[in-house]
$ cat run14.pdb   # PDB, C-alpha atoms, pLDDT in the B column
MODEL        1
ATOM      1  CA  MET T  74       1.440  43.849   2.867  1.00 96.00           C
ATOM      2  CA  ARG T  75      -0.569  45.811   5.390  1.00 98.00           C
ATOM      3  CA  LEU T  76      -4.015  44.737   6.637  1.00 98.00           C
ATOM      4  CA  ALA T  77      -6.236  47.118   8.605  1.00 98.00           C
ATOM      5  CA  VAL T  78      -8.510  45.050  10.858  1.00 98.00           C
ATOM      6  CA  ILE T  79     -11.443  47.293  11.746  1.00 98.00           C
ATOM      7  CA  ILE T  80     -13.504  46.643  14.871  1.00 98.00           C
ATOM      8  CA  GLY T  81     -16.944  47.919  13.872  1.00 97.00           C
ATOM      9  CA  SER T  82     -18.686  47.777  17.238  1.00 95.00           C
ATOM     10  CA  THR T  83     -18.352  50.443  19.918  1.00 94.00           C
ATOM     11  CA  ARG T  84     -20.943  48.970  22.275  1.00 92.00           C
ATOM     12  CA  ARG T  85     -20.043  48.313  25.929  1.00 92.00           C
ATOM     13  CA  GLY T  86     -19.465  44.626  26.556  1.00 91.00           C
ATOM     14  CA  ARG T  87     -18.852  44.088  22.831  1.00 91.00           C
ATOM     15  CA  PHE T  88     -17.487  40.884  21.380  1.00 93.00           C
ATOM     16  CA  GLY T  89     -15.720  42.568  18.447  1.00 94.00           C
ATOM     17  CA  PRO T  90     -12.274  42.876  20.067  1.00 95.00           C
ATOM     18  CA  THR T  91     -12.239  39.145  20.841  1.00 94.00           C
ATOM     19  CA  VAL T  92     -12.948  38.322  17.191  1.00 94.00           C
ATOM     20  CA  ALA T  93     -10.582  41.010  15.873  1.00 96.00           C
ATOM     21  CA  HIS T  94      -7.641  39.812  17.970  1.00 95.00           C
ATOM     22  CA  TRP T  95      -8.270  36.219  16.903  1.00 95.00           C
ATOM     23  CA  LEU T  96      -8.464  37.323  13.263  1.00 96.00           C
ATOM     24  CA  ALA T  97      -5.318  39.458  13.595  1.00 97.00           C
ATOM     25  CA  GLU T  98      -3.456  36.473  15.026  1.00 95.00           C
ATOM     26  CA  GLN T  99      -4.498  34.361  12.021  1.00 95.00           C
ATOM     27  CA  ALA T 100      -3.759  37.139   9.510  1.00 97.00           C
ATOM     28  CA  ALA T 101      -0.329  37.986  10.980  1.00 97.00           C
ATOM     29  CA  LYS T 102       1.007  34.920   9.165  1.00 94.00           C
ATOM     30  CA  GLN T 103       0.413  36.766   5.862  1.00 96.00           C
ATOM     31  CA  PHE T 104       0.065  40.486   6.669  1.00 98.00           C
ATOM     32  CA  GLU T 105       1.437  43.296   8.778  1.00 98.00           C
ATOM     33  CA  ILE T 106      -1.549  44.149  11.012  1.00 98.00           C
ATOM     34  CA  ASP T 107      -2.983  47.535  11.954  1.00 98.00           C
ATOM     35  CA  LEU T 108      -5.825  47.043  14.442  1.00 98.00           C
ATOM     36  CA  VAL T 109      -8.332  49.911  14.091  1.00 98.00           C
ATOM     37  CA  ASP T 110     -10.786  50.117  16.978  1.00 97.00           C
ATOM     38  CA  LEU T 111     -13.626  52.521  16.214  1.00 97.00           C
ATOM     39  CA  ALA T 112     -14.348  52.802  19.945  1.00 96.00           C
ATOM     40  CA  THR T 113     -11.033  54.637  20.405  1.00 95.00           C
ATOM     41  CA  ALA T 114     -10.873  56.409  17.017  1.00 95.00           C
ATOM     42  CA  ASN T 115     -13.169  59.179  18.313  1.00 91.00           C
ATOM     43  CA  LEU T 116     -14.581  59.984  14.877  1.00 92.00           C
ATOM     44  CA  PRO T 117     -17.192  62.736  14.979  1.00 91.00           C
ATOM     45  CA  ALA T 118     -20.738  61.500  14.390  1.00 89.00           C
ATOM     46  CA  THR T 119     -21.593  64.506  12.234  1.00 88.00           C
ATOM     47  CA  LEU T 120     -20.128  64.690   8.751  1.00 88.00           C
ATOM     48  CA  PRO T 121     -18.883  68.100   7.552  1.00 83.00           C
ATOM     49  CA  ASP T 122     -19.790  70.389   4.698  1.00 84.00           C
ATOM     50  CA  ALA T 123     -17.299  70.534   1.834  1.00 79.00           C
ATOM     51  CA  ASP T 124     -15.716  73.744   3.172  1.00 84.00           C
ATOM     52  CA  ASP T 125     -15.246  72.518   6.754  1.00 87.00           C
ATOM     53  CA  GLU T 126     -11.808  71.696   8.101  1.00 89.00           C
ATOM     54  CA  THR T 127     -11.024  68.000   8.550  1.00 89.00           C
ATOM     55  CA  PRO T 128     -11.054  67.062  12.255  1.00 90.00           C
ATOM     56  CA  GLN T 129      -7.722  65.785  13.614  1.00 92.00           C
ATOM     57  CA  GLU T 130      -9.168  62.350  14.509  1.00 92.00           C
ATOM     58  CA  VAL T 131     -10.364  61.899  10.936  1.00 94.00           C
ATOM     59  CA  ALA T 132      -6.970  62.865   9.508  1.00 92.00           C
ATOM     60  CA  VAL T 133      -5.137  60.422  11.797  1.00 94.00           C
ATOM     61  CA  LEU T 134      -7.296  57.489  10.761  1.00 96.00           C
ATOM     62  CA  SER T 135      -7.157  58.585   7.117  1.00 96.00           C
ATOM     63  CA  SER T 136      -3.422  57.996   6.934  1.00 96.00           C
ATOM     64  CA  ARG T 137      -3.774  54.549   8.527  1.00 97.00           C
ATOM     65  CA  LEU T 138      -6.500  53.513   6.080  1.00 98.00           C
ATOM     66  CA  ALA T 139      -4.595  54.936   3.098  1.00 97.00           C
ATOM     67  CA  ALA T 140      -1.524  52.894   4.104  1.00 97.00           C
ATOM     68  CA  ALA T 141      -3.503  49.633   4.116  1.00 98.00           C
ATOM     69  CA  ASP T 142      -3.320  47.256   1.172  1.00 98.00           C
ATOM     70  CA  ALA T 143      -6.421  45.399   2.391  1.00 98.00           C
ATOM     71  CA  PHE T 144      -9.130  45.610   5.025  1.00 98.00           C
ATOM     72  CA  ALA T 145     -10.890  43.129   7.272  1.00 98.00           C
ATOM     73  CA  VAL T 146     -14.059  44.442   8.892  1.00 98.00           C
ATOM     74  CA  VAL T 147     -15.284  42.744  12.062  1.00 98.00           C
ATOM     75  CA  THR T 148     -18.932  43.596  12.614  1.00 98.00           C
ATOM     76  CA  PRO T 149     -21.869  42.501  14.704  1.00 97.00           C
ATOM     77  CA  GLU T 150     -25.300  42.261  13.207  1.00 95.00           C
ATOM     78  CA  ILE T 151     -27.727  44.618  14.910  1.00 94.00           C
ATOM     79  CA  ASN T 152     -31.345  44.658  13.727  1.00 94.00           C
ATOM     80  CA  CYS T 153     -30.368  42.937  10.445  1.00 94.00           C
ATOM     81  CA  SER T 154     -27.681  45.530   9.703  1.00 96.00           C
ATOM     82  CA  PHE T 155     -24.270  46.753  10.830  1.00 96.00           C
ATOM     83  CA  PRO T 156     -23.663  49.425  13.513  1.00 96.00           C
ATOM     84  CA  ALA T 157     -24.187  53.115  12.802  1.00 95.00           C
ATOM     85  CA  THR T 158     -20.665  53.875  14.047  1.00 94.00           C
ATOM     86  CA  LEU T 159     -19.245  51.643  11.318  1.00 97.00           C
ATOM     87  CA  LYS T 160     -21.351  53.409   8.673  1.00 96.00           C
ATOM     88  CA  THR T 161     -20.133  56.774   9.930  1.00 94.00           C
ATOM     89  CA  ALA T 162     -16.530  55.556   9.719  1.00 95.00           C
ATOM     90  CA  LEU T 163     -17.080  54.344   6.153  1.00 97.00           C
ATOM     91  CA  ASP T 164     -18.674  57.662   5.185  1.00 95.00           C
ATOM     92  CA  TRP T 165     -15.816  59.799   6.519  1.00 94.00           C
ATOM     93  CA  TYR T 166     -13.474  58.338   3.905  1.00 95.00           C
ATOM     94  CA  TYR T 167     -13.590  57.745   0.174  1.00 94.00           C
ATOM     95  CA  GLU T 168     -10.290  57.462  -1.677  1.00 95.00           C
ATOM     96  CA  GLU T 169      -8.759  55.413   1.143  1.00 97.00           C
ATOM     97  CA  TRP T 170     -11.010  52.478   0.143  1.00 97.00           C
ATOM     98  CA  HIS T 171     -10.517  52.685  -3.648  1.00 97.00           C
ATOM     99  CA  ALA T 172      -9.340  49.551  -5.456  1.00 97.00           C
ATOM    100  CA  LYS T 173      -8.561  47.659  -2.268  1.00 98.00           C
ATOM    101  CA  PRO T 174      -9.995  44.320  -1.112  1.00 98.00           C
ATOM    102  CA  VAL T 175     -12.214  43.926   1.921  1.00 98.00           C
ATOM    103  CA  ALA T 176     -12.856  40.764   3.919  1.00 98.00           C
ATOM    104  CA  ILE T 177     -15.829  40.680   6.277  1.00 98.00           C
ATOM    105  CA  VAL T 178     -16.110  38.768   9.532  1.00 97.00           C
ATOM    106  CA  SER T 179     -19.569  39.012  11.065  1.00 97.00           C
ATOM    107  CA  TYR T 180     -21.155  37.683  14.199  1.00 95.00           C
ATOM    108  CA  GLY T 181     -24.642  37.536  15.595  1.00 94.00           C
ATOM    109  CA  ARG T 182     -27.478  35.247  16.453  1.00 93.00           C
ATOM    110  CA  GLU T 183     -28.506  32.425  14.133  1.00 93.00           C
ATOM    111  CA  SER T 184     -27.643  34.315  10.930  1.00 92.00           C
ATOM    112  CA  GLY T 185     -24.071  34.898  12.071  1.00 93.00           C
ATOM    113  CA  GLY T 186     -24.280  38.456  10.786  1.00 95.00           C
ATOM    114  CA  CYS T 187     -25.002  37.577   7.145  1.00 96.00           C
ATOM    115  CA  HIS T 188     -27.484  40.460   6.806  1.00 97.00           C
ATOM    116  CA  ALA T 189     -24.816  42.933   7.941  1.00 97.00           C
ATOM    117  CA  THR T 190     -22.365  41.394   5.464  1.00 98.00           C
ATOM    118  CA  ALA T 191     -24.806  41.774   2.568  1.00 97.00           C
ATOM    119  CA  GLN T 192     -25.327  45.445   3.358  1.00 97.00           C
ATOM    120  CA  LEU T 193     -21.601  46.089   3.756  1.00 98.00           C
ATOM    121  CA  ARG T 194     -20.998  44.617   0.301  1.00 98.00           C
ATOM    122  CA  GLN T 195     -23.300  47.287  -1.178  1.00 98.00           C
ATOM    123  CA  VAL T 196     -21.601  50.121   0.689  1.00 98.00           C
ATOM    124  CA  PHE T 197     -18.084  48.975  -0.203  1.00 98.00           C
ATOM    125  CA  SER T 198     -19.101  48.670  -3.834  1.00 97.00           C
ATOM    126  CA  GLU T 199     -20.104  52.329  -3.777  1.00 97.00           C
ATOM    127  CA  LEU T 200     -16.749  53.166  -2.169  1.00 97.00           C
ATOM    128  CA  GLN T 201     -15.059  51.377  -5.095  1.00 97.00           C
ATOM    129  CA  ALA T 202     -13.565  48.676  -2.898  1.00 98.00           C
ATOM    130  CA  VAL T 203     -13.698  44.974  -3.740  1.00 97.00           C
ATOM    131  CA  THR T 204     -15.313  42.656  -1.189  1.00 98.00           C
ATOM    132  CA  ILE T 205     -14.022  39.144  -1.476  1.00 96.00           C
ATOM    133  CA  ARG T 206     -16.502  36.331  -1.850  1.00 96.00           C
ATOM    134  CA  ASN T 207     -15.643  34.187   1.161  1.00 96.00           C
ATOM    135  CA  THR T 208     -16.493  35.620   4.551  1.00 96.00           C
ATOM    136  CA  VAL T 209     -16.480  34.300   8.090  1.00 96.00           C
ATOM    137  CA  ALA T 210     -19.892  34.222   9.766  1.00 95.00           C
ATOM    138  CA  LEU T 211     -20.077  33.418  13.468  1.00 93.00           C
ATOM    139  CA  PRO T 212     -23.620  32.346  14.417  1.00 93.00           C
ATOM    140  CA  CYS T 213     -24.408  32.099  18.126  1.00 91.00           C
ATOM    141  CA  TYR T 214     -20.759  32.918  18.832  1.00 88.00           C
ATOM    142  CA  TRP T 215     -21.296  32.792  22.608  1.00 88.00           C
ATOM    143  CA  GLU T 216     -21.668  29.002  22.337  1.00 88.00           C
ATOM    144  CA  GLN T 217     -18.106  28.641  21.020  1.00 88.00           C
ATOM    145  CA  PHE T 218     -16.187  29.371  24.225  1.00 85.00           C
ATOM    146  CA  THR T 219     -13.953  26.746  25.859  1.00 79.00           C
ATOM    147  CA  ALA T 220     -14.493  25.673  29.461  1.00 76.00           C
ATOM    148  CA  ASP T 221     -11.759  28.080  30.596  1.00 78.00           C
ATOM    149  CA  GLY T 222     -13.288  31.016  28.688  1.00 78.00           C
ATOM    150  CA  GLY T 223     -11.091  30.881  25.586  1.00 82.00           C
ATOM    151  CA  TRP T 224     -12.522  31.558  22.156  1.00 85.00           C
ATOM    152  CA  PRO T 225     -13.082  29.825  19.804  1.00 86.00           C
ATOM    153  CA  ARG T 226     -13.315  26.173  20.721  1.00 83.00           C
ATOM    154  CA  ALA T 227     -11.204  24.043  18.394  1.00 83.00           C
ATOM    155  CA  SER T 228     -14.329  22.122  17.402  1.00 83.00           C
ATOM    156  CA  ALA T 229     -15.935  25.335  16.064  1.00 85.00           C
ATOM    157  CA  GLY T 230     -14.011  24.837  12.810  1.00 85.00           C
ATOM    158  CA  TYR T 231     -13.382  28.542  12.202  1.00 91.00           C
ATOM    159  CA  GLU T 232      -9.680  28.106  11.385  1.00 91.00           C
ATOM    160  CA  ALA T 233     -10.311  26.518   7.969  1.00 93.00           C
ATOM    161  CA  THR T 234     -12.896  29.155   7.071  1.00 95.00           C
ATOM    162  CA  VAL T 235     -10.665  32.062   8.060  1.00 96.00           C
ATOM    163  CA  LYS T 236      -7.677  30.539   6.232  1.00 96.00           C
ATOM    164  CA  LEU T 237      -9.661  30.336   2.994  1.00 97.00           C
ATOM    165  CA  MET T 238     -10.863  33.922   3.407  1.00 98.00           C
ATOM    166  CA  LEU T 239      -7.363  35.211   4.168  1.00 98.00           C
ATOM    167  CA  ASP T 240      -5.829  33.310   1.235  1.00 98.00           C
ATOM    168  CA  GLN T 241      -8.351  35.009  -1.067  1.00 98.00           C
ATOM    169  CA  LEU T 242      -7.672  38.354   0.575  1.00 98.00           C
ATOM    170  CA  VAL T 243      -3.926  37.964  -0.044  1.00 98.00           C
ATOM    171  CA  TRP T 244      -4.531  37.163  -3.718  1.00 98.00           C
ATOM    172  CA  TRP T 245      -6.768  40.200  -4.196  1.00 98.00           C
ATOM    173  CA  ALA T 246      -4.471  42.469  -2.184  1.00 98.00           C
ATOM    174  CA  GLU T 247      -1.463  41.507  -4.308  1.00 97.00           C
ATOM    175  CA  ALA T 248      -3.370  41.778  -7.589  1.00 97.00           C
ATOM    176  CA  LEU T 249      -4.869  45.166  -6.762  1.00 97.00           C
ATOM    177  CA  GLN T 250      -1.606  46.488  -5.331  1.00 96.00           C
ATOM    178  CA  ASP T 251       0.167  45.538  -8.584  1.00 96.00           C
ATOM    179  CA  ALA T 252      -2.609  47.149 -10.628  1.00 95.00           C
ATOM    180  CA  ARG T 253      -2.465  50.389  -8.606  1.00 94.00           C
ATOM    181  CA  LYS T 254       1.327  50.543  -9.105  1.00 93.00           C
ATOM    182  CA  ARG T 255       1.082  50.031 -12.866  1.00 93.00           C
ATOM    183  CA  ARG T 256      -1.784  52.415 -13.343  1.00 91.00           C
ATOM    184  CA  PRO T 257      -3.178  54.667 -10.588  1.00 87.00           C
ATOM    185  CA  TYR T 258      -6.856  54.023  -9.956  1.00 86.00           C
ATOM    186  CA  GLN T 259      -9.193  56.558 -11.539  1.00 84.00           C
ATOM    187  CA  PRO T 260     -12.774  56.492 -10.249  1.00 79.00           C
TER     188      PRO T 260
ENDMDL
END
$ encode --input "run14.pdb" --output "structure tokens"
Amino acid sequence: MRLAVIIGSTRRGRFGPTVAHWLAEQAAKQFEIDLVDLATANLPATLPDADDETPQEVAVLSSRLAAADAFAVVTPEINCSFPATLKTALDWYYEEWHAKPVAIVSYGRESGGCHATAQLRQVFSELQAVTIRNTVALPCYWEQFTADGGWPRASAGYEATVKLMLDQLVWWAEALQDARKRRPYQP
């Protein structure tokens, strides 16, 4: 099964790639990984009218998202929400998300990105995707580095949390993949 791990931050000095690579390493035990970095996807910030031609960058990412059986979104929390670039990426696509599960890994200050997660659940519901219950929240993530700069420290305890989330994601991905094969999803 194919998992698209989406790095939602495009900010300079961002922490998202560190989290996404760690998550991809954990998920590679159960999924084929496609790492989608919105900083290099070059999606236009302006959405088109219905008659406009689809930009090449949008078409390229469309095929990658359509090929995914599941998604894992890695997002920071910025001002109690998720980044505008992530919202733009979600809005460019519609059918690619249908009847597929989404896991969310968030990071931030004391809340660990829980506000961003709550808002993403609402958006994915509208996109007819299924967010799984268990998430990974990384509060004050900068405190979880090892002395040599590695992340995360073993004592952070993130491995058990991510394993539970990924096990649920596998279950949902298999169930929804089987359902889509038996009967194509009709919104």
$ closest_residue --input "run14.pdb" --among "T:Ile106, T:Ala139, T:Val146, T:Leu200" --to "Val92 (chain T)" --atoms "only C-alpha atoms"
T:Val146
$ closest_residue --input "run14.pdb" --among "T:Ile205, T:Ala112, T:Ala191, T:Ala101" --to "Leu159 (chain T)" --atoms "all atoms listed in the file"
T:Ala112
$ closest_residue --input "run14.pdb" --among "T:Arg137, T:Arg87, T:Arg194, T:Arg206" --to "Ala114 (chain T)" --atoms "only C-alpha atoms"
T:Arg137
$ resolve_selection --input "run14.pdb" --expression "the PyMOL selection byres ((chain T and resi 79) around 8)" --output "MDAnalysis selection string"
chainID T and resid 77:78 80:81 93 108:111 144:147
$ write_last_selection --input "run14.pdb" --atoms "C-alpha atoms" --output "PDB file, in the coordinates of the input"
ATOM      1  CA  ALA T  77      -6.236  47.118   8.605  1.00 98.00           C
ATOM      2  CA  VAL T  78      -8.510  45.050  10.858  1.00 98.00           C
ATOM      3  CA  ILE T  80     -13.504  46.643  14.871  1.00 98.00           C
ATOM      4  CA  GLY T  81     -16.944  47.919  13.872  1.00 97.00           C
ATOM      5  CA  ALA T  93     -10.582  41.010  15.873  1.00 96.00           C
ATOM      6  CA  LEU T 108      -5.825  47.043  14.442  1.00 98.00           C
ATOM      7  CA  VAL T 109      -8.332  49.911  14.091  1.00 98.00           C
ATOM      8  CA  ASP T 110     -10.786  50.117  16.978  1.00 97.00           C
ATOM      9  CA  LEU T 111     -13.626  52.521  16.214  1.00 97.00           C
ATOM     10  CA  PHE T 144      -9.130  45.610   5.025  1.00 98.00           C
ATOM     11  CA  ALA T 145     -10.890  43.129   7.272  1.00 98.00           C
ATOM     12  CA  VAL T 146     -14.059  44.442   8.892  1.00 98.00           C
ATOM     13  CA  VAL T 147     -15.284  42.744  12.062  1.00 98.00           C
TER      14      VAL T 147
END
$ atom_distance --input "run14.pdb" --atom1 "CA of Glu183 (chain T)" --atom2 "CA of Ser82 (chain T)"
18.5 Å
$ residues_around --input "run14.pdb" --residues "Thr190 (chain T)" --least-positions-apart "2" --cutoff "10 Å" --atoms "all atoms listed in the file" --output "VMD selection string"
chain T and resid 146 to 150 153 to 155 176 to 180 185 to 188 192 to 196 204 208 to 210
$ resolve_selection --input "run14.pdb" --expression "the PyMOL selection byres ((chain T and resi 246-260) around 9)" --output "compact mmCIF listing (two decimals) with C-alpha atoms, keeping the file's coordinate frame"
# COMPACT_ATOMS: atom_id res chain seq x y z
CA MET T 74 1.44 43.85 2.87
CA ASP T 142 -3.32 47.26 1.17
CA ALA T 143 -6.42 45.40 2.39
CA GLU T 168 -10.29 57.46 -1.68
CA HIS T 171 -10.52 52.68 -3.65
CA ALA T 172 -9.34 49.55 -5.46
CA LYS T 173 -8.56 47.66 -2.27
CA PRO T 174 -9.99 44.32 -1.11
CA VAL T 175 -12.21 43.93 1.92
CA GLN T 201 -15.06 51.38 -5.10
CA GLN T 241 -8.35 35.01 -1.07
CA LEU T 242 -7.67 38.35 0.57
CA VAL T 243 -3.93 37.96 -0.04
CA TRP T 244 -4.53 37.16 -3.72
CA TRP T 245 -6.77 40.20 -4.20
$ closest_residue --input "run14.pdb" --among "T:Ile151, T:Gln217, T:Arg85, T:Ala202" --to "Glu169 (chain T)" --atoms "all atoms listed in the file"
T:Ala202
$ closest_atom_pairs --input "run14.pdb" --of "region 74-104 of chain T" --to "region 220-230 of chain T" --cutoff "12 Å" --atoms "all atoms listed in the file" --output "Markdown table"
| residue | atom | partner | partner_atom | distance |
| --- | --- | --- | --- | --- |
| T:Phe88 | CA | T:Trp224 | CA | 10.6 |
| T:Pro90 | CA | T:Trp224 | CA | 11.5 |
| T:Thr91 | CA | T:Trp224 | CA | 7.7 |
| T:Val92 | CA | T:Trp224 | CA | 8.4 |
| T:Ala93 | CA | T:Trp224 | CA | 11.5 |
| T:His94 | CA | T:Trp224 | CA | 10.5 |
| T:Trp95 | CA | T:Trp224 | CA | 8.2 |
| T:Leu96 | CA | T:Pro225 | CA | 11.0 |
$ atom_distance --input "run14.pdb" --atom1 "CA of Asn207 (chain T)" --atom2 "CA of Gly86 (chain T)"
27.7 Å
$ atom_distance --input "run14.pdb" --atom1 "CA of Ser136 (chain T)" --atom2 "CA of Leu116 (chain T)"
13.8 Å
$ closest_residue --input "run14.pdb" --among "T:Gln103, T:Gln129, T:Thr83, T:Asn115" --to "Asp240 (chain T)" --atoms "only C-alpha atoms"
T:Gln103
$ residues_around --input "run14.pdb" --residues "Thr119 (chain T)" --least-positions-apart "2" --cutoff "10 Å" --atoms "all atoms listed in the file" --output "PyMOL selection string"
chain T and resi 116-117+121-122+161+165
$ closest_residue --input "run14.pdb" --among "T:Gly181, T:Thr158, T:Ala118, T:Ala100" --to "Met238 (chain T)" --atoms "only C-alpha atoms"
T:Ala100
$ decode --input "run14.pdb" --residues "region 125-134 of chain T" --atoms "all heavy atoms" --output "PDB file, in the first residue's frame"
ATOM      1  N   ASP T 125     -10.395  27.300 -16.656  1.00  0.00           N
ATOM      2  CA  ASP T 125      -8.944  27.455 -16.782  1.00  0.00           C
ATOM      3  C   ASP T 125      -8.262  26.102 -16.934  1.00  0.00           C
ATOM      4  O   ASP T 125      -8.722  25.083 -16.414  1.00  0.00           O
ATOM      5  CB  ASP T 125      -8.373  28.161 -15.548  1.00  0.00           C
ATOM      6  CG  ASP T 125      -8.773  29.617 -15.462  1.00  0.00           C
ATOM      7  OD1 ASP T 125      -9.287  30.160 -16.470  1.00  0.00           O
ATOM      8  OD2 ASP T 125      -8.589  30.215 -14.386  1.00  0.00           O
ATOM      9  N   GLU T 126      -7.143  26.124 -17.632  1.00  0.00           N
ATOM     10  CA  GLU T 126      -6.336  24.917 -17.815  1.00  0.00           C
ATOM     11  C   GLU T 126      -5.622  24.585 -16.499  1.00  0.00           C
ATOM     12  O   GLU T 126      -5.210  25.478 -15.762  1.00  0.00           O
ATOM     13  CB  GLU T 126      -5.311  25.165 -18.920  1.00  0.00           C
ATOM     14  CG  GLU T 126      -4.564  23.930 -19.322  1.00  0.00           C
ATOM     15  CD  GLU T 126      -3.648  24.184 -20.515  1.00  0.00           C
ATOM     16  OE1 GLU T 126      -4.070  24.907 -21.435  1.00  0.00           O
ATOM     17  OE2 GLU T 126      -2.523  23.660 -20.485  1.00  0.00           O
ATOM     18  N   THR T 127      -5.478  23.302 -16.223  1.00  0.00           N
ATOM     19  CA  THR T 127      -4.795  22.863 -15.008  1.00  0.00           C
ATOM     20  C   THR T 127      -3.291  23.091 -15.157  1.00  0.00           C
ATOM     21  O   THR T 127      -2.690  22.605 -16.123  1.00  0.00           O
ATOM     22  CB  THR T 127      -5.057  21.363 -14.745  1.00  0.00           C
ATOM     23  OG1 THR T 127      -6.461  21.173 -14.617  1.00  0.00           O
ATOM     24  CG2 THR T 127      -4.346  20.884 -13.493  1.00  0.00           C
ATOM     25  N   PRO T 128      -2.674  23.815 -14.233  1.00  0.00           N
ATOM     26  CA  PRO T 128      -1.220  24.020 -14.305  1.00  0.00           C
ATOM     27  C   PRO T 128      -0.470  22.686 -14.201  1.00  0.00           C
ATOM     28  O   PRO T 128      -0.919  21.757 -13.526  1.00  0.00           O
ATOM     29  CB  PRO T 128      -0.929  24.907 -13.090  1.00  0.00           C
ATOM     30  CG  PRO T 128      -2.231  25.565 -12.767  1.00  0.00           C
ATOM     31  CD  PRO T 128      -3.279  24.567 -13.137  1.00  0.00           C
ATOM     32  N   GLN T 129       0.663  22.603 -14.861  1.00  0.00           N
ATOM     33  CA  GLN T 129       1.467  21.372 -14.891  1.00  0.00           C
ATOM     34  C   GLN T 129       1.819  20.885 -13.488  1.00  0.00           C
ATOM     35  O   GLN T 129       1.740  19.690 -13.199  1.00  0.00           O
ATOM     36  CB  GLN T 129       2.734  21.598 -15.719  1.00  0.00           C
ATOM     37  CG  GLN T 129       3.653  20.388 -15.790  1.00  0.00           C
ATOM     38  CD  GLN T 129       3.006  19.182 -16.460  1.00  0.00           C
ATOM     39  OE1 GLN T 129       2.155  19.325 -17.341  1.00  0.00           O
ATOM     40  NE2 GLN T 129       3.388  17.993 -16.054  1.00  0.00           N
ATOM     41  N   GLU T 130       2.207  21.798 -12.588  1.00  0.00           N
ATOM     42  CA  GLU T 130       2.581  21.396 -11.222  1.00  0.00           C
ATOM     43  C   GLU T 130       1.418  20.731 -10.503  1.00  0.00           C
ATOM     44  O   GLU T 130       1.604  19.798  -9.727  1.00  0.00           O
ATOM     45  CB  GLU T 130       3.047  22.612 -10.405  1.00  0.00           C
ATOM     46  CG  GLU T 130       4.251  23.331 -10.959  1.00  0.00           C
ATOM     47  CD  GLU T 130       3.892  24.377 -12.009  1.00  0.00           C
ATOM     48  OE1 GLU T 130       2.707  24.528 -12.358  1.00  0.00           O
ATOM     49  OE2 GLU T 130       4.814  25.053 -12.483  1.00  0.00           O
ATOM     50  N   VAL T 131       0.227  21.215 -10.746  1.00  0.00           N
ATOM     51  CA  VAL T 131      -0.975  20.662 -10.117  1.00  0.00           C
ATOM     52  C   VAL T 131      -1.248  19.268 -10.670  1.00  0.00           C
ATOM     53  O   VAL T 131      -1.552  18.337  -9.919  1.00  0.00           O
ATOM     54  CB  VAL T 131      -2.187  21.599 -10.328  1.00  0.00           C
ATOM     55  CG1 VAL T 131      -3.469  20.955  -9.815  1.00  0.00           C
ATOM     56  CG2 VAL T 131      -1.940  22.931  -9.639  1.00  0.00           C
ATOM     57  N   ALA T 132      -1.087  19.090 -11.964  1.00  0.00           N
ATOM     58  CA  ALA T 132      -1.320  17.785 -12.585  1.00  0.00           C
ATOM     59  C   ALA T 132      -0.318  16.749 -12.088  1.00  0.00           C
ATOM     60  O   ALA T 132      -0.686  15.592 -11.836  1.00  0.00           O
ATOM     61  CB  ALA T 132      -1.244  17.907 -14.103  1.00  0.00           C
ATOM     62  N   VAL T 133       0.935  17.138 -11.925  1.00  0.00           N
ATOM     63  CA  VAL T 133       1.964  16.209 -11.448  1.00  0.00           C
ATOM     64  C   VAL T 133       1.629  15.709 -10.044  1.00  0.00           C
ATOM     65  O   VAL T 133       1.654  14.508  -9.773  1.00  0.00           O
ATOM     66  CB  VAL T 133       3.367  16.877 -11.472  1.00  0.00           C
ATOM     67  CG1 VAL T 133       4.384  16.047 -10.708  1.00  0.00           C
ATOM     68  CG2 VAL T 133       3.817  17.089 -12.905  1.00  0.00           C
ATOM     69  N   LEU T 134       1.287  16.623  -9.162  1.00  0.00           N
ATOM     70  CA  LEU T 134       0.959  16.217  -7.797  1.00  0.00           C
ATOM     71  C   LEU T 134      -0.365  15.453  -7.754  1.00  0.00           C
ATOM     72  O   LEU T 134      -0.538  14.540  -6.945  1.00  0.00           O
ATOM     73  CB  LEU T 134       0.924  17.424  -6.854  1.00  0.00           C
ATOM     74  CG  LEU T 134       0.730  17.115  -5.372  1.00  0.00           C
ATOM     75  CD1 LEU T 134       1.711  16.050  -4.872  1.00  0.00           C
ATOM     76  CD2 LEU T 134       0.834  18.377  -4.556  1.00  0.00           C
TER      77      LEU T 134
END
